[in-house]
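Data first, discussion second: the structure below is written as structure tokens.
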Amino acid sequence: MKPYYITTPLYYVNAEPHIGHAYTTVAADVLARFMRARGRETHLLTGTDEHGAKIAEAASAAGISPQAWADKISGSFRELWKHLDVRHDDYIRTTEERHKACVAAVFSALKDSGDIYKGRYSGFYCLSCESYWTDKEAPEIEGKRKCPNTECRRPLQLVEEESYFFRLSKYQERLTELYKKGMFLQPSNRANEIVRFVERGLEDISISRTKVKWGIPVPGDPEHTIYVWFDALINYVSALGFQPGGSPGRFNDLWPAEVHIVGKEIYRFHAVIWPAMLMALGVEPPARVFAHGWWTVSGKKMSKSLGNFIDPREVTREFGVDAFRYFLMREVPFGNDGDFSIEALRKRYNAELANDLGNLLSRVLEMVDKYIQGNLPKRPALEEDFKTSQIAKRSPEIAAAMERLAFSEALEIIWSCVRLLNEHVNATAPWKLFKTDPDKVKPILFDLVWSLRIIAGWIEPFMPRTAAAMQAQLGVRQFPMPLTPEEVLHGPNGDRIQKGPPLFPRKT
């Protein structure tokens, strides 16, 4: 089976990373970990977008070179992904030679084929979004032109200059056919926006600047710099060693990508311009482009002016990395907008992590230690009515949700099983049963232990440290962790139970 190739967008290095960047990357890591656990070879790519006028301006304000600025901020992203337990397989920067060489080759190939041509651009440009807008897209309102992006609305600059253009209009019909297949635009509730945009008619787009010097020069015409978006989108194939006409490296093994995970604000670039570029190169588009929603903070959009960007490290310092990852994937359906607040995180932390899961594990381990001296001689008889076999049957539902990137749905199924086990503990009351019939306590406790092993395997993509801690305490220290549900049901019996500290101490 072809390896499962997942990408995040390249994050723009105009500022330090925040919760929005973490959301996308943690989601990609959760999906990658899930696929690896199923035995699927998986390749996760992330990286940074380091060219353009905004980067040059930020560097100038800091009194350093654009490259030094890019090195600094890109390093911050790398450090954050390590801190958040993101296991990416490759990290690409647009200032790397492998990327610049690929961009130049792509530009030359499309110029030779006639899909790129030289002309003159006259229109409007948003420096903040690094986006061009036509007269039709940015009409004059009260004597001013403002960015059509509802989350920007900054004044536009009138730009008139010689430019290279990409024949986007040529691919309108083929894009429409791509969208009709139904899988490319995800989630489905965002598809209509893209379909309507294309149906209104596509115009050729300007893909070079003469007034922006921090970027990749146009091959053979160094007065022009390649437009930052045209440059950055190519990362998904440049990282694989793509070259027009024949690609060494891993391109032939990994492409097309299974999914590009992006924020909704850059959906149009990935769902319209990027597949058109690939069509022009004779390359198959990715299987899916999935646009997730935005996080607001206490009901307000994150912005520099409001000073309400959330630093993930500040959150993990109080709640831990796993709780942060859990909350991002649990709080809202992936694809929808959500609101981040410390109170909402604390509520889920105490109710679901500390009470539901953490307390369940502690109670079970305490009873195993007290009533059967920590021994675990055998697994329950799966053909009988044990919770282990009931819970294991939910695996296909979880897998189906994960494949749809319905992370909160998968977690809800998992937590329904956690709640079921808590109810089972209360209903059977082993602490009472031990006084009258201690032999009946053993199978109940064995059942709970094996069920919790399955839970630990399920939560590993979301909370890898917690899963490892659970399975170590549940007697599987000598085996590769975490065990999958199949390995729990059919694999080794395990070792003695080993009580540990609480998984999630309550937060007040």
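Convention: chains lettered A, B, ... in structure tokens order; per-chain residue numbering from 1; ligands numbered from 1 as shown.
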
Polymer residues at most 8 Å from range 79-90 of chain A, only C-alpha atoms, same-chain spacing of 6 or more positions, as a PDB file with N, CA and C atoms, in the first residue's frame:
```pdb
ATOM      1  N   PRO A  17       5.231  31.369  16.707  1.00  0.00           N
ATOM      2  CA  PRO A  17       4.076  30.474  16.594  1.00  0.00           C
ATOM      3  C   PRO A  17       3.076  30.657  17.732  1.00  0.00           C
ATOM      4  N   ALA A  22      -0.336  25.556  16.277  1.00  0.00           N
ATOM      5  CA  ALA A  22      -0.313  24.295  17.025  1.00  0.00           C
ATOM      6  C   ALA A  22      -1.510  23.424  16.666  1.00  0.00           C
ATOM      7  N   THR A  25      -0.936  21.590  13.346  1.00  0.00           N
ATOM      8  CA  THR A  25       0.172  20.630  13.394  1.00  0.00           C
ATOM      9  C   THR A  25      -0.144  19.457  14.308  1.00  0.00           C
ATOM     10  N   VAL A  26      -0.785  19.706  15.430  1.00  0.00           N
ATOM     11  CA  VAL A  26      -1.184  18.612  16.317  1.00  0.00           C
ATOM     12  C   VAL A  26      -2.189  17.711  15.601  1.00  0.00           C
ATOM     13  N   ASP A  29      -0.325  15.527  13.298  1.00  0.00           N
ATOM     14  CA  ASP A  29       0.424  14.519  14.057  1.00  0.00           C
ATOM     15  C   ASP A  29      -0.498  13.427  14.585  1.00  0.00           C
ATOM     16  N   HIS A  43       4.120   9.555   6.187  1.00  0.00           N
ATOM     17  CA  HIS A  43       5.108  10.619   6.014  1.00  0.00           C
ATOM     18  C   HIS A  43       4.423  11.943   6.308  1.00  0.00           C
ATOM     19  N   LEU A  44       4.886  12.619   7.360  1.00  0.00           N
ATOM     20  CA  LEU A  44       4.311  13.912   7.763  1.00  0.00           C
ATOM     21  C   LEU A  44       5.308  15.024   7.476  1.00  0.00           C
ATOM     22  N   LEU A  45       4.865  15.986   6.679  1.00  0.00           N
ATOM     23  CA  LEU A  45       5.702  17.124   6.310  1.00  0.00           C
ATOM     24  C   LEU A  45       5.153  18.401   6.921  1.00  0.00           C
ATOM     25  N   THR A  46       6.042  19.194   7.495  1.00  0.00           N
ATOM     26  CA  THR A  46       5.706  20.546   7.916  1.00  0.00           C
ATOM     27  C   THR A  46       6.901  21.433   7.593  1.00  0.00           C
ATOM     28  N   GLY A  47       6.820  22.714   7.926  1.00  0.00           N
ATOM     29  CA  GLY A  47       7.939  23.597   7.629  1.00  0.00           C
ATOM     30  C   GLY A  47       7.545  25.054   7.708  1.00  0.00           C
ATOM     31  N   ALA A 239       9.852  19.006  -1.316  1.00  0.00           N
ATOM     32  CA  ALA A 239      10.380  18.219  -0.196  1.00  0.00           C
ATOM     33  C   ALA A 239      10.571  16.753  -0.581  1.00  0.00           C
ATOM     34  N   ARG A 313       3.054  27.210  24.958  1.00  0.00           N
ATOM     35  CA  ARG A 313       3.913  26.858  26.095  1.00  0.00           C
ATOM     36  C   ARG A 313       3.333  27.357  27.417  1.00  0.00           C
ATOM     37  N   VAL A 321       1.394  18.869  28.202  1.00  0.00           N
ATOM     38  CA  VAL A 321       1.292  18.783  26.748  1.00  0.00           C
ATOM     39  C   VAL A 321       0.097  17.930  26.330  1.00  0.00           C
ATOM     40  N   ARG A 325      -3.080  18.945  23.880  1.00  0.00           N
ATOM     41  CA  ARG A 325      -3.384  18.239  22.637  1.00  0.00           C
ATOM     42  C   ARG A 325      -4.819  17.702  22.667  1.00  0.00           C
ATOM     43  N   PRO A 464       0.219  10.882  23.614  1.00  0.00           N
ATOM     44  CA  PRO A 464       1.222   9.805  23.596  1.00  0.00           C
ATOM     45  C   PRO A 464       1.871   9.547  24.944  1.00  0.00           C
TER      46      PRO A 464
END
```

Exercise for review: Identify, on the basis of only C-alpha atoms, every residue whose closest approach to Leu127 in chain A does not exceed 10 Å; exclude the query and any residue fewer than 6 positions from it along the same chain; express the result as a ChimeraX atom specification.
Suggested key: /A:52-54,147,154-157

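Every protein, DNA or RNA residue with an atom at most 10 Å from Ile216 in chain A, where only C-alpha atoms count and chain neighbours fewer than 2 positions away do not, is listed here: His51, Gly52, Thr94, Thr95, His99, Lys100, Ala101, Val103, Ala104, Ser208, Lys213, Trp214, Val218, Pro219, Pro222, His224, Thr225, Ile226, Tyr227, Val228 and Asp231 of chain A.
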
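Interatomic distance, CA of Ile92 in chain A to CA of Pro244 in chain A: 19.2 Å.
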
Notebook entry, point to check: When DSSP works through the backbone of this structure, what residues of range 40-240 of chain A end up as strand (DSSP E), shown as a PyMOL selection string?
Noted result: chain A and resi 42-49+90-93+116-126+131-133+157-166+185-186+205-206+208-209+217-218+221-226

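The protein and nucleic acid residues lying at most 8 Å from range 266-273 of chain A are Leu168, Leu175, Leu185, Ile194, Val198, Trp229, Leu233, Val289 and Ala291 of chain A, with only C-alpha atoms considered and sequence neighbours fewer than 5 positions away removed.
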
Between A:Glu203, A:Glu177, A:Glu397, A:Glu193, smallest distance to Asp135 in chain A by only C-alpha atoms belongs to A:Glu203

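Nearest residue to Glu423 in chain A among A:Ala469, A:Leu360, A:Ile372, A:Ala406 is A:Leu360, counting only C-alpha atoms.
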
Applying 9 Å and only C-alpha atoms, which residues near range 280-288 of chain A remain after dropping the ones on its own chain fewer than 4 positions away? List them as an MDAnalysis selection string.
chainID A and resid 106 109:110 113 115 167 171 178 183:186 244:245 255:261 271 274:276

Take the residues from that selection and write them out as a PDB file, in the first residue's frame, keeping C-alpha atoms.
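Result written to out.pdb:
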```pdb
ATOM      1  CA  VAL A 106       8.852  24.454 -12.022  1.00  0.00           C
ATOM      2  CA  ALA A 109       8.919  24.330 -17.146  1.00  0.00           C
ATOM      3  CA  LEU A 110       5.635  26.235 -16.999  1.00  0.00           C
ATOM      4  CA  SER A 113       4.890  25.213 -21.860  1.00  0.00           C
ATOM      5  CA  ASP A 115       1.383  28.347 -18.827  1.00  0.00           C
ATOM      6  CA  ARG A 167      -2.752  30.901 -16.829  1.00  0.00           C
ATOM      7  CA  TYR A 171      -7.851  25.253 -15.770  1.00  0.00           C
ATOM      8  CA  LEU A 178     -12.065  17.731  -9.890  1.00  0.00           C
ATOM      9  CA  MET A 183     -13.506  14.054  -2.039  1.00  0.00           C
ATOM     10  CA  PHE A 184     -11.060  16.807  -2.927  1.00  0.00           C
ATOM     11  CA  LEU A 185     -12.777  19.645  -1.038  1.00  0.00           C
ATOM     12  CA  GLN A 186     -13.091  18.842   2.667  1.00  0.00           C
ATOM     13  CA  PRO A 244       9.543  18.419 -13.937  1.00  0.00           C
ATOM     14  CA  GLY A 245      10.043  15.628 -16.430  1.00  0.00           C
ATOM     15  CA  TRP A 255       2.749  11.562  -4.210  1.00  0.00           C
ATOM     16  CA  PRO A 256      -0.122  12.321  -4.398  1.00  0.00           C
ATOM     17  CA  ALA A 257      -0.600  13.460  -0.817  1.00  0.00           C
ATOM     18  CA  GLU A 258      -3.499  11.901   1.029  1.00  0.00           C
ATOM     19  CA  VAL A 259      -4.404  15.199   2.663  1.00  0.00           C
ATOM     20  CA  HIS A 260      -3.235  18.801   2.897  1.00  0.00           C
ATOM     21  CA  ILE A 261      -4.454  20.128   6.265  1.00  0.00           C
ATOM     22  CA  ALA A 271      -8.004  24.310  -3.484  1.00  0.00           C
ATOM     23  CA  TRP A 274      -2.287  24.689  -6.261  1.00  0.00           C
ATOM     24  CA  PRO A 275      -4.229  21.983  -8.143  1.00  0.00           C
ATOM     25  CA  ALA A 276      -4.162  24.177 -11.266  1.00  0.00           C
TER      26      ALA A 276
END
```

task: Please provide the set of residues having any atom within 12 Å of Glu137 in chain A, restricted to only C-alpha atoms, with same-chain residues fewer than 5 positions apart removed, written as a ChimeraX atom specification.
output: /A:123-125,131-132,145-149,156,197,200-203

I'd like the neighbourhood of Arg363 in chain A as a ChimeraX atom specification, where a residue qualifies if any of its atoms comes within 12 Å (using only C-alpha atoms), though same-chain residues fewer than 2 positions away should be ignored. /A:355-361,365-371,421-422,425-426,429-431,445,448-449,452,499-500,502
